[in-house]
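So this one's model.csv, CSV, C-alpha atoms:
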chain,number,residue,atom,x,y,z
A,1,MET,CA,-25.1,-12.2,-3.8
A,2,LEU,CA,-21.3,-12.9,-3.2
A,3,GLU,CA,-20.4,-10.2,-5.7
A,4,LYS,CA,-22.6,-7.6,-4.0
A,5,SER,CA,-21.3,-8.5,-0.5
A,6,PHE,CA,-17.7,-8.6,-1.6
A,7,LEU,CA,-17.9,-5.2,-3.3
A,8,GLU,CA,-19.7,-3.7,-0.3
A,9,VAL,CA,-16.9,-4.8,2.1
A,10,TYR,CA,-14.2,-3.7,-0.4
A,11,ASP,CA,-15.9,-0.3,-0.9
A,12,LYS,CA,-16.2,0.2,2.9
A,13,PHE,CA,-12.5,-0.5,3.4
A,14,LYS,CA,-11.6,2.0,0.6
A,15,LEU,CA,-13.9,4.7,1.9
A,16,GLN,CA,-12.4,4.4,5.4
A,17,PHE,CA,-8.9,4.4,3.8
A,18,TYR,CA,-9.7,7.5,1.8
A,19,ARG,CA,-11.1,9.2,4.8
A,20,GLU,CA,-7.9,8.6,6.8
A,21,VAL,CA,-5.7,9.6,3.8
A,22,PHE,CA,-7.5,12.9,3.4
A,23,LYS,CA,-7.5,13.5,7.2
A,24,LEU,CA,-3.7,13.2,7.0
A,25,VAL,CA,-3.3,15.3,3.8
A,26,ARG,CA,-2.7,18.9,4.6
A,27,GLU,CA,-2.2,21.9,2.3
A,28,ARG,CA,1.2,22.9,3.8
A,29,ASP,CA,4.8,22.6,2.8
A,30,GLY,CA,6.1,19.0,3.3
A,31,SER,CA,2.8,17.3,3.6
A,32,LEU,CA,1.7,14.4,1.4
A,33,SER,CA,-0.7,14.8,-1.4
A,34,ALA,CA,-3.3,12.1,-1.9
A,35,MET,CA,-1.4,11.0,-5.1
A,36,GLU,CA,1.8,10.7,-3.1
A,37,GLY,CA,0.0,8.6,-0.5
A,38,PHE,CA,-1.2,6.3,-3.2
A,39,SER,CA,2.4,6.2,-4.7
A,40,LEU,CA,3.7,5.1,-1.3
A,41,GLU,CA,1.1,2.3,-1.2
A,42,VAL,CA,2.3,1.0,-4.6
A,43,ILE,CA,5.9,1.2,-3.5
A,44,LYS,CA,5.1,-0.8,-0.4
A,45,MET,CA,3.2,-3.5,-2.3
A,46,LEU,CA,6.0,-3.8,-4.9
A,47,ASP,CA,8.4,-4.4,-2.0
A,48,ASN,CA,11.4,-2.1,-2.5
A,49,PRO,CA,11.2,-1.7,-6.3
A,50,THR,CA,13.6,0.3,-8.4
A,51,VAL,CA,12.3,3.5,-10.0
A,52,GLY,CA,12.0,1.7,-13.3
A,53,GLN,CA,9.8,-1.1,-11.7
A,54,PHE,CA,7.6,1.6,-10.1
A,55,ALA,CA,7.2,3.4,-13.4
A,56,ASP,CA,6.5,0.2,-15.3
A,57,PHE,CA,3.9,-1.0,-12.9
A,58,LEU,CA,2.0,2.4,-13.0
A,59,ASN,CA,2.6,2.7,-16.7
A,60,ILE,CA,4.1,6.2,-16.3
A,61,SER,CA,7.3,7.6,-17.7
A,62,GLN,CA,10.6,7.1,-15.9
A,63,SER,CA,10.9,10.9,-15.5
A,64,ASN,CA,7.5,11.2,-14.0
A,65,ALA,CA,8.3,8.4,-11.6
A,66,THR,CA,11.6,10.0,-10.7
A,67,TYR,CA,9.8,13.3,-10.0
A,68,LYS,CA,7.4,11.5,-7.6
A,69,VAL,CA,10.1,9.6,-5.9
A,70,ASN,CA,12.3,12.6,-5.4
A,71,SER,CA,9.4,14.5,-3.8
A,72,LEU,CA,8.8,11.6,-1.4
A,73,ILE,CA,12.4,11.4,-0.5
A,74,LYS,CA,12.5,15.2,0.1
A,75,LYS,CA,9.5,14.8,2.4
A,76,GLY,CA,11.2,12.0,4.3
A,77,TYR,CA,8.8,9.1,3.4
A,78,LEU,CA,11.2,7.3,1.2
A,79,VAL,CA,15.0,6.6,1.0
A,80,ARG,CA,17.2,5.3,-1.8
A,81,GLN,CA,19.2,2.1,-1.0
A,82,ASN,CA,21.9,0.9,-3.4
A,83,SER,CA,21.4,-2.5,-4.8
A,84,THR,CA,23.6,-5.3,-3.5
A,85,THR,CA,24.0,-6.7,-7.0
A,86,ASP,CA,24.4,-3.6,-9.1
A,87,ARG,CA,25.8,-0.4,-7.3
A,88,ARG,CA,24.5,1.8,-10.2
A,89,GLU,CA,20.9,0.7,-9.3
A,90,TYR,CA,19.0,1.6,-6.2
A,91,HIS,CA,15.8,0.4,-4.6
A,92,LEU,CA,13.0,2.5,-3.0
A,93,VAL,CA,12.8,1.8,0.7
A,94,LEU,CA,10.1,3.2,3.0
A,95,SER,CA,11.2,5.2,5.9
A,96,GLU,CA,10.2,5.2,9.6
A,97,LYS,CA,8.1,8.3,8.8
A,98,TYR,CA,6.1,6.3,6.3
A,99,TYR,CA,5.5,3.5,8.8
A,100,HIS,CA,4.2,6.0,11.4
A,101,TYR,CA,1.9,7.3,8.7
A,102,MET,CA,0.7,3.8,7.9
A,103,GLU,CA,-0.1,3.0,11.5
A,104,LEU,CA,-2.7,5.7,11.3
A,105,LEU,CA,-4.2,4.2,8.1
A,106,THR,CA,-4.2,0.5,9.0
A,107,SER,CA,-5.8,0.7,12.4
A,108,TYR,CA,-9.3,0.3,10.9
A,109,GLU,CA,-8.3,-2.9,9.2
A,110,LEU,CA,-7.0,-4.3,12.5
A,111,THR,CA,-10.2,-3.2,14.2
A,112,VAL,CA,-12.3,-5.1,11.7
A,113,VAL,CA,-10.1,-8.2,12.1
A,114,ASN,CA,-10.4,-8.1,15.8
A,115,ARG,CA,-14.1,-7.8,15.5
A,116,MET,CA,-14.2,-10.8,13.2
A,117,LYS,CA,-12.2,-12.8,15.7
A,118,GLN,CA,-14.8,-11.9,18.4
A,119,ARG,CA,-17.8,-12.4,16.2
A,120,PHE,CA,-16.9,-15.7,14.4
A,121,SER,CA,-15.7,-19.0,15.7
A,122,SER,CA,-12.0,-19.8,15.4
A,123,GLU,CA,-12.9,-22.4,12.7
A,124,ASP,CA,-14.7,-19.8,10.6
A,125,VAL,CA,-11.8,-17.3,11.1
A,126,SER,CA,-9.3,-20.0,10.1
A,127,LYS,CA,-11.4,-20.9,7.0
A,128,LEU,CA,-11.7,-17.2,6.0
A,129,ASN,CA,-7.9,-16.9,6.4
A,130,GLU,CA,-7.4,-19.9,4.2
A,131,MET,CA,-9.7,-18.5,1.5
A,132,LEU,CA,-8.1,-15.1,1.6
A,133,GLU,CA,-4.6,-16.7,1.1
A,134,ILE,CA,-5.9,-18.6,-1.9
A,135,ILE,CA,-7.5,-15.5,-3.3
A,136,SER,CA,-4.3,-13.5,-2.8
A,137,ASN,CA,-1.8,-16.2,-4.0
A,138,GLU,CA,-3.8,-17.9,-6.8
A,139,LEU,CA,-6.8,-15.9,-7.9
A,140,MET,CA,-5.1,-12.5,-8.3
A,141,PRO,CA,-2.1,-13.2,-10.6
A,142,GLU,CA,-2.1,-9.7,-12.0
A,143,CYS,CA,-1.2,-8.3,-8.6
A,144,SER,CA,1.6,-10.8,-7.9
A,145,GLU,CA,4.4,-9.5,-10.1
A,146,PRO,CA,5.5,-5.9,-10.5

As a first step, turn the structure in this file into structure tokens.
Amino acid sequence: MLEKSFLEVYDKFKLQFYREVFKLVRERDGSLSAMEGFSLEVIKMLDNPTVGQFADFLNISQSNATYKVNSLIKKGYLVRQNSTTDRREYHLVLSEKYYHYMELLTSYELTVVNRMKQRFSSEDVSKLNEMLEIISNELMPECSEP
């Protein structure tokens, strides 16, 4: 029962996300491909990784990662920022253009959260929040470290 319900909600979030990604993806110069959109999502979740950390997480070659990163920089979704500890190293930082793009993609999640707040008691919402934090921080260790 829990498994089915959880997967159903997860799948609905993914479907809505994919719908929005493909709505934004256009076949014209400078637009994002779906793979680039997913790459930006990974970079966001890794919190300003280096190209090496990005490549390691996705288990792709450094040259493949560099190619993807350079394309995203050229399109204006990503910038390089020198490391404060090692000037030879740089981190991948998401640009304002990316955050504008993400506003379009995250509006559905916020809509669902607002509906939950209206539908459920504040105690239930608080308990769900507590449970989600435990799931994120304790039960998903594979997703905690790049």

As number ranges by chain, please: the residues near A:Phe54 (cut-off 8 Å, only C-alpha atoms, same-chain neighbours under 5 positions excluded). A: 42-43, 46, 49, 65, 146

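Between atom CA of A:Lys68 and atom CA of A:Leu110 the separation is 29.3 Å.
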
Within 6 Å of A:Tyr90 using only C-alpha atoms, minus same-chain residues under 6 positions, as a PyMOL selection string: chain A and resi 50+81-83

With C-alpha atoms retained, export the selected residues as a PDB file, keeping the file's coordinate frame.
ATOM      1  CA  THR A  50      13.600   0.300  -8.400  1.00  0.00           C
ATOM      2  CA  GLN A  81      19.200   2.100  -1.000  1.00  0.00           C
ATOM      3  CA  ASN A  82      21.900   0.900  -3.400  1.00  0.00           C
ATOM      4  CA  SER A  83      21.400  -2.500  -4.800  1.00  0.00           C
TER       5      SER A  83
END

Taking all atoms listed in the file into account, name the residue in A:Ala34, A:Lys74, A:Leu92, A:Tyr99 that is nearest to A:Val51.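 Distance minimum relative to A:Val51 lands on A:Leu92.
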
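Atom CA of A:Glu109 is positioned 28.0 Å from atom CA of A:His91.
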
What gap, in Å, lies between atom CA of A:Tyr101 and atom CA of A:Ser136? 24.6 Å

For A:Gly37, please output as number ranges by chain all residues within 12 Å (counting all atoms listed in the file; exclusion window: fewer than 4 positions along the same chain). A: 17-18, 20-26, 31-33, 41-44, 68-69, 71-72, 75, 77-78, 94, 98-99, 101-102, 105

Tell me, as a VMD selection string, which residues lie within 10 Å of A:Asn70, counting all atoms listed in the file; anything in the same chain fewer than 6 positions away does not count. chain A and resid 64 76 78 to 80

Which residue of A:Tyr108, A:Phe13, A:Phe120, A:Phe57 approaches A:Ser39 most closely, using only C-alpha atoms: A:Phe57
